[in-house]
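Q: Input: one structure, supplied below.
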Amino acid sequence: MMKKITYNELRNAWLDFYKERGHVDIGAVSLVSDGSTGVMFNVAGMQPLMPYLLGEKHPKGTRLCNIQGCVRTNDIDSVGDKSHLTFFEMMGSWSLGDYFKEERCKWSFELLTQVFGFDADHLAATVFEGNENAPRDEEGAAFREKSGFKKENIFFLPAEDNWWGLEYGPCGPDSEMFFIDDTKAPCGPDCKPGCHCGRYTEVGNDVFMQYEKHHDGHLTPLKQKNVDTGWGLERNFAFLNGIDDVYKTELFASVIAKIESLSGFIYDAEDKNTRSMRIIADHLRTGVMLIGDEARLLPDNTGAGYILRRLIRRAVRHGRSLGLDAEKLLLIASIYIDDIYSEGYPLLVKNKDYILGELKKEIKRFEATLENGMAEYKKILDATGNAGSGEIEGKDAFYLYDTFGFPVELTVELAEEAGLKVDMDGFKAAMEGQKAKARENANFSAKLTDSAVYDKLDENLTSEFIGYETLKGEEVIAAIAGEESLLDSLSEGKEGTIITSKTPFYATMGGQKGDTGIIKTSSAEFKVSEAVKLPGGRIGHVGKVMKGTISKGDKAELLVDKANRDATCRNHTATHLLQKALQEILGDGAHQKGSYQDGTRTRFDFSYGQAMTAEQIAAAEKKVNEKIAEDIDVVTSVMGIEEAKATGAMALFGEKYGDTVRVVNVGDWSVELCGGTHVKKTGQIAFFKILSESGIAAGVRRIEAVTGSNVLEYYRKIEERLEDAAKAAKTTPDALVDRIGKLHDEIRALKSENESLKSKAANEALSDVTDMVKEIKGVKLLAASLKGVDMNGLRELSDNMKTKLEEGVVVLLSENDGKVNMVVSATDKVIKKGAHAGNLIKEIASLVGGGGGGRPNMAQAGGKDPSGIEKALKKAEEVLEAQLG
């Protein structure tokens with residue numbers, strides 16, 4: 001009999017089982033991936049362990065376990081059923097070159113039967129059946145049987161069922177375990193795990209990592225054989241408690257109950273509302289976890305932040321359908337912090353105010369977005385009508401979605417009310433185009449540094465960086481690479497990458513742009529445009545041969561561009577000063593989110609929920625310049641990572657640090673972990689000037705600044721532009737402000753005169769058509785054509801005419817630049833008699849080669865054929881007469 005169990009009991013049972021067998025609980029890492037595996041989130045418990053699965057020694061040993069939070073959104077459209085989730089926890093254990101299949105199979109069986117109470121007769125397992133790349137896993141099947149699984153309950157399945165691996169990296173055959181529900185009859189003679197008939201329910205998976213998959217797809221045996229065991233916590237939690245709906249478990253029950261009480265809807269009473277409840281519960285949970293994560297992820301328009309934004313906004317949209325506003329959604333979200341995860345995720349409790357504050361900002365932002373989106377939608381509706389189209393273009397729907405966060409479902413809904421359709425194929429194409437562009441941008445550097453070309457190099461070839469002490473060196477050229485292959489030489493004018501065993505060139509890393517310079521041989525010169533990190537601990541010098549031919553094996557002199565390095569050092573050290581200044585002025589919540597330094601400027605991204613004031617910017621700039629003037633010693637120390645953390649040194653989230661790190665001290669004022677290059681004393685920076693402060697994402701600000709001689713150049717250009725502006729205004733720099741004020745007064749006067757002329761023209765057009773009013777079955781109809789009036793003008797005239805008529809229908813058509821603008825409006829009383837502006841315009845728009853629609857009181861359309869205007873006006877009389885019965 002399976003044991004019923006609470007959430008915390010399940011967590012503890014897993015960890016205790018493995019600790020008793022010599023495993024160390026390594027704890028969980030951030031939900032946000034460091035990017036090394038090509039995905040935005042940690043989607044599996046093994047993902048953060050990738051280097052150790054490939055052979056690197058883990059500091060805590062060879063037997064590990066944990067419970068790791070994961071985020072997957074590839075099947076987000078499935079969320080809303082009984083089982084799919086975007087955030088979930090994986091219970092994991094690993095052997096890093098320690099035990100293998102025999103022990104793994106034995107312990108999995110013990111865990112299932114002795115800890116969780118499964119009956120051995122109701123357990124099944126699958127193993128890899130083999131293919132052209134790897135052999136059939138007979139060994140795995142034998143150890144499953146030896147551990148206690150019945151032979152008839154062990155099945156061989158193909159790679160799509162029993163092979164595990166990411167895009168590249170460690171991989172191998174896996175063996176899944178299932179519970180057999182014998183209350184459900186077999187679906188046929190071939191009934192087995194994976195047939196989806198409900199007889200077999202997966203409970204766990206053991207992956208035997210024997211291979212490494214390379215970028216070109218081929219497999220090689222790993223240096224060490226590993227085991228990766230992963231069991232989904234939520235799935236097993238529901239299953240062990242005999243529940244077939246994960247949203248009815250302890251993890252969601254109180255949240256669903258809160259949604260019911262706040263909305264008045266009952267869970268399971270109606271499919272549509274139940275689906276919305278599940279989406280709200282899931283997406284708010286994931287939102288809480290991501291914002292409360294150590295990465296402090298915030299909603300954004302790109303990357304992981306875009307996924308977070310989509311989840312929150314999807315929850316808001318489904319919340320609106322149940323009558324749940326921002327305050328109610330926040331009450332629901334707080335249950336995860338205060339109750340469900342208070343023990344397992346104490347960081348959520350600590351950061352509660354921050355999490356709910358950021359959630360509230362995004363919800364309110366989306367509510368405002370809906371308002372702004374409606375205004376933009378109306379513009380698109382006008383343009384669609386003017387073009388005579390009956391369909392909103394896909395690119396316009398995507399523009400609303402991408403720029404304003406306007407859900408495409410809402411665009412479709414509104415379009416239907418106006419009698420229009422939405423080009424969904426075009427929308428999907430625009431969406432895919434953006435995704436492709438994002439993938440291209442995200443992988444640009446990967447194409448350079450992760451090229452399979454470098455896999456062919458001798459693995460013993462590595463590069464030692466000697467550039468902390470010197471800017472030149474003499475080395476033998478160890479390898480040359482082109483874009484697609486290794487080369488023996490590069491001739492004049494050719495581009496490529498040169499590798500040496502030692503180099504003074506700093507490779508782009510940690511936000512600091514790589515060095516530039518020259519590599520010289522006795523007969524050739526190679527200009528280095530950037531030094532970059534390459535796989536296998538190598539540094540590549542990317543550039544172009546300026547003269548001669550450079551060959552593998554040549555003795556070469558490596559010369560770093562000193563002026564560029566010095567300027568980069570000034571910018572990098574200034575960034576450290578800026579970060580400390582910002583934390584003093586804005587508070588500890590101003591955390592670094594990214595940075596970039598080269599020889600011309602520095603850029604610093606940091607978390608802060610609002611724009612800095614002019615006073616705060618000035619204070620930060622002043623503080624940095626004060627520290628520069630103090631000429632403080634900048635000292636770099638090398639120490640162990642734990643010792644460095646003990647000093648209180650600031651570290652950047654997502655940055656990978658080795659066991660030994662460099663700590664940069666600017667006196668006792670600023671202490672940071674940093675592998676970059678710096679000035680020796682702050683006085684060498686000379687000057688610091690903030691050029692701009694702006695928002696780049698929700699909750700993330702960016703400062704761009706310059707230092708040293710670039711500050712002087714900045715002011716020189718300002719002075720030059722000031723002189724040019726004064727000349728253009730026909731005055732002197734000193735008198736420029738007064739001159740601009742006078743020009744503004746002149747412009748305002750001209751605008752006022754222009755508006756008066758437009759108003760006069762509109763009134764004249766109005767007076768010209770008042771004698772054209774007809775009566776149709778006791779209802780006044782004004783149907784008239786005009787010349788050169790745009791859609792806005794027509795709407796204004798229509799409103800004026802309705803006022804003048806008091807009650808009636810107004811139909812106005814205008815030829816404008818070879819096209820037709822159309823507006824139909826009706827007053828409330830005539831609507832009650834049967835008049836309908838939207839239906840009327842549908843009937844007459846085709847006569848001018850267009851289409852459109854709208855509400856009973858107001859509709860507009862566009863057309864391409866002005867020759868049909870008179871027919872359309874005549875048709876309007878017939879349609880109105882028919883509407884009035």
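By order in the structure tokens, chains are A, B, ...; within a chain, residues start at 1; ligands start at 1, following the order shown.
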From a backbone DSSP assignment, name each residue in segment 350-446 of chain A labelled alpha helix (DSSP H), as a count of residues only.
A: 79
Q: What is the distance between atom CA of Gly426 of chain A and atom CA of Thr411 of chain A, in Å to one decimal?
A: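 Computing the Euclidean distance for atom CA of Gly426 of chain A and atom CA of Thr411 of chain A yields 13.7 Å.
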Q: Quick one: pull the distance between atom CA of Ile685 of chain A and atom CA of Gly708 of chain A, Å, one decimal.
A: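 Computing it gives 5.5 Å between the two atoms.
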Q: Applying 9 Å and only C-alpha atoms, which residues near segment 579-583 of chain A remain after dropping the ones on its own chain fewer than 4 positions away? List them as a list in words.
A: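 Once the nearby chain positions are removed, what remains is Ala574, Thr575, Gly587, Asp588, Gly589, Ala590, His591, Gln592, Phe604, Phe606, Gln616, Ile617, Ala619, Ala620, Glu621, Lys623, Val624, Trp669, Ser670 and Val671 of chain A.
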Q: Tell me which protein, DNA and RNA residues are within 10 Å of segment 260-271 of chain A, counting only C-alpha atoms, leaving out same-chain ones fewer than 3 positions away, and put them as a list in words.
A: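 These residues fall inside the cut-off: Gly80, Asp81, Tyr247, Lys248, Ser254, Val255, Ile256, Ala257, Thr274, Arg275, Ser276, Met277, Arg278, Gly319, Arg320, Ser321, Leu322, Gly323, Leu324, Asp325, Lys328, Leu329, Leu331 and Ile332 of chain A.
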Q: I need the residues from that last selection saved to file as an mmCIF file, in the first residue's frame (with N, CA, C and O atoms), if you can.
A:
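Heads up, here's the output in out.cif:
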```cif
data_model
loop_
_atom_site.group_PDB
_atom_site.id
_atom_site.type_symbol
_atom_site.label_atom_id
_atom_site.label_comp_id
_atom_site.auth_asym_id
_atom_site.auth_seq_id
_atom_site.Cartn_x
_atom_site.Cartn_y
_atom_site.Cartn_z
ATOM 1 N N GLY A 80 -3.268 24.259 -17.490
ATOM 2 C CA GLY A 80 -4.714 24.426 -17.392
ATOM 3 C C GLY A 80 -5.392 23.078 -17.307
ATOM 4 O O GLY A 80 -6.566 22.980 -16.937
ATOM 5 N N ASP A 81 -4.617 22.005 -17.624
ATOM 6 C CA ASP A 81 -5.143 20.658 -17.408
ATOM 7 C C ASP A 81 -4.803 20.231 -15.981
ATOM 8 O O ASP A 81 -4.369 21.038 -15.157
ATOM 9 N N TYR A 247 -3.639 20.067 -8.815
ATOM 10 C CA TYR A 247 -4.164 21.288 -8.209
ATOM 11 C C TYR A 247 -5.058 21.014 -6.998
ATOM 12 O O TYR A 247 -5.506 21.948 -6.339
ATOM 13 N N LYS A 248 -5.306 19.725 -6.723
ATOM 14 C CA LYS A 248 -6.061 19.350 -5.526
ATOM 15 C C LYS A 248 -5.141 18.898 -4.395
ATOM 16 O O LYS A 248 -5.615 18.521 -3.326
ATOM 17 N N SER A 254 -5.062 25.368 -0.973
ATOM 18 C CA SER A 254 -5.428 26.633 -0.320
ATOM 19 C C SER A 254 -5.497 27.780 -1.322
ATOM 20 O O SER A 254 -6.277 28.720 -1.155
ATOM 21 N N VAL A 255 -4.686 27.704 -2.376
ATOM 22 C CA VAL A 255 -4.718 28.731 -3.420
ATOM 23 C C VAL A 255 -6.028 28.632 -4.217
ATOM 24 O O VAL A 255 -6.692 29.646 -4.471
ATOM 25 N N ILE A 256 -6.394 27.429 -4.599
ATOM 26 C CA ILE A 256 -7.645 27.240 -5.342
ATOM 27 C C ILE A 256 -8.832 27.684 -4.487
ATOM 28 O O ILE A 256 -9.766 28.332 -4.980
ATOM 29 N N ALA A 257 -8.792 27.357 -3.184
ATOM 30 C CA ALA A 257 -9.879 27.767 -2.286
ATOM 31 C C ALA A 257 -9.982 29.293 -2.219
ATOM 32 O O ALA A 257 -11.086 29.853 -2.188
ATOM 33 N N THR A 274 -12.485 26.509 -14.599
ATOM 34 C CA THR A 274 -11.509 25.655 -13.905
ATOM 35 C C THR A 274 -10.140 25.788 -14.555
ATOM 36 O O THR A 274 -9.114 25.875 -13.864
ATOM 37 N N ARG A 275 -10.122 25.829 -15.879
ATOM 38 C CA ARG A 275 -8.846 26.011 -16.574
ATOM 39 C C ARG A 275 -8.218 27.346 -16.185
ATOM 40 O O ARG A 275 -7.012 27.420 -15.930
ATOM 41 N N SER A 276 -9.023 28.405 -16.131
ATOM 42 C CA SER A 276 -8.500 29.715 -15.732
ATOM 43 C C SER A 276 -7.950 29.681 -14.314
ATOM 44 O O SER A 276 -6.905 30.276 -14.022
ATOM 45 N N MET A 277 -8.629 28.986 -13.414
ATOM 46 C CA MET A 277 -8.150 28.876 -12.029
ATOM 47 C C MET A 277 -6.783 28.203 -11.974
ATOM 48 O O MET A 277 -5.887 28.633 -11.231
ATOM 49 N N ARG A 278 -6.613 27.142 -12.747
ATOM 50 C CA ARG A 278 -5.332 26.431 -12.755
ATOM 51 C C ARG A 278 -4.219 27.313 -13.317
ATOM 52 O O ARG A 278 -3.095 27.331 -12.795
ATOM 53 N N GLY A 319 -7.401 36.121 -14.763
ATOM 54 C CA GLY A 319 -7.991 36.679 -13.560
ATOM 55 C C GLY A 319 -9.139 37.614 -13.882
ATOM 56 O O GLY A 319 -10.182 37.612 -13.208
ATOM 57 N N ARG A 320 -8.967 38.428 -14.916
ATOM 58 C CA ARG A 320 -10.033 39.359 -15.325
ATOM 59 C C ARG A 320 -11.296 38.596 -15.717
ATOM 60 O O ARG A 320 -12.412 39.062 -15.470
ATOM 61 N N SER A 321 -11.130 37.428 -16.329
ATOM 62 C CA SER A 321 -12.301 36.644 -16.728
ATOM 63 C C SER A 321 -13.066 36.115 -15.516
ATOM 64 O O SER A 321 -14.245 35.772 -15.621
ATOM 65 N N LEU A 322 -12.395 36.055 -14.343
ATOM 66 C CA LEU A 322 -13.043 35.596 -13.112
ATOM 67 C C LEU A 322 -13.330 36.751 -12.151
ATOM 68 O O LEU A 322 -13.720 36.540 -11.004
ATOM 69 N N GLY A 323 -13.073 37.985 -12.621
ATOM 70 C CA GLY A 323 -13.340 39.148 -11.789
ATOM 71 C C GLY A 323 -12.284 39.405 -10.728
ATOM 72 O O GLY A 323 -12.563 40.031 -9.698
ATOM 73 N N LEU A 324 -11.061 38.940 -10.955
ATOM 74 C CA LEU A 324 -9.975 39.107 -9.986
ATOM 75 C C LEU A 324 -9.091 40.275 -10.391
ATOM 76 O O LEU A 324 -8.425 40.226 -11.424
ATOM 77 N N ASP A 325 -9.069 41.323 -9.578
ATOM 78 C CA ASP A 325 -8.234 42.485 -9.880
ATOM 79 C C ASP A 325 -6.845 42.329 -9.260
ATOM 80 O O ASP A 325 -6.516 41.277 -8.687
ATOM 81 N N LYS A 328 -6.606 41.302 -5.504
ATOM 82 C CA LYS A 328 -7.004 39.912 -5.270
ATOM 83 C C LYS A 328 -5.929 38.939 -5.747
ATOM 84 O O LYS A 328 -5.654 37.927 -5.089
ATOM 85 N N LEU A 329 -5.310 39.239 -6.872
ATOM 86 C CA LEU A 329 -4.231 38.377 -7.365
ATOM 87 C C LEU A 329 -3.052 38.380 -6.403
ATOM 88 O O LEU A 329 -2.397 37.344 -6.204
ATOM 89 N N LEU A 331 -3.246 38.795 -3.147
ATOM 90 C CA LEU A 331 -3.650 37.970 -2.005
ATOM 91 C C LEU A 331 -3.426 36.492 -2.292
ATOM 92 O O LEU A 331 -2.975 35.731 -1.424
ATOM 93 N N ILE A 332 -3.720 36.099 -3.527
ATOM 94 C CA ILE A 332 -3.510 34.700 -3.935
ATOM 95 C C ILE A 332 -2.019 34.368 -3.936
ATOM 96 O O ILE A 332 -1.592 33.338 -3.408
#
```
Q: In Å, rounded to a single decimal, give me how far atom CA of Met90 of chain A is from atom CA of Cys70 of chain A.
A: 7.1 Å
Q: Extract the full set of strand (DSSP E) residues from segment 147-250 of chain A according to DSSP on the backbone, and format it as number ranges by chain.
A: A: 154-157, 163-165, 169-180, 200-213, 219-232
Q: So that I can check the surroundings of Val207 of chain A, please list as a PyMOL selection string every protein, DNA and RNA residue that reaches within 10 Å of it, counting only C-alpha atoms and ignoring chain neighbours fewer than 2 positions away.
A: chain A and resi 94+101+104+162-165+171-176+205+209-210+226-230
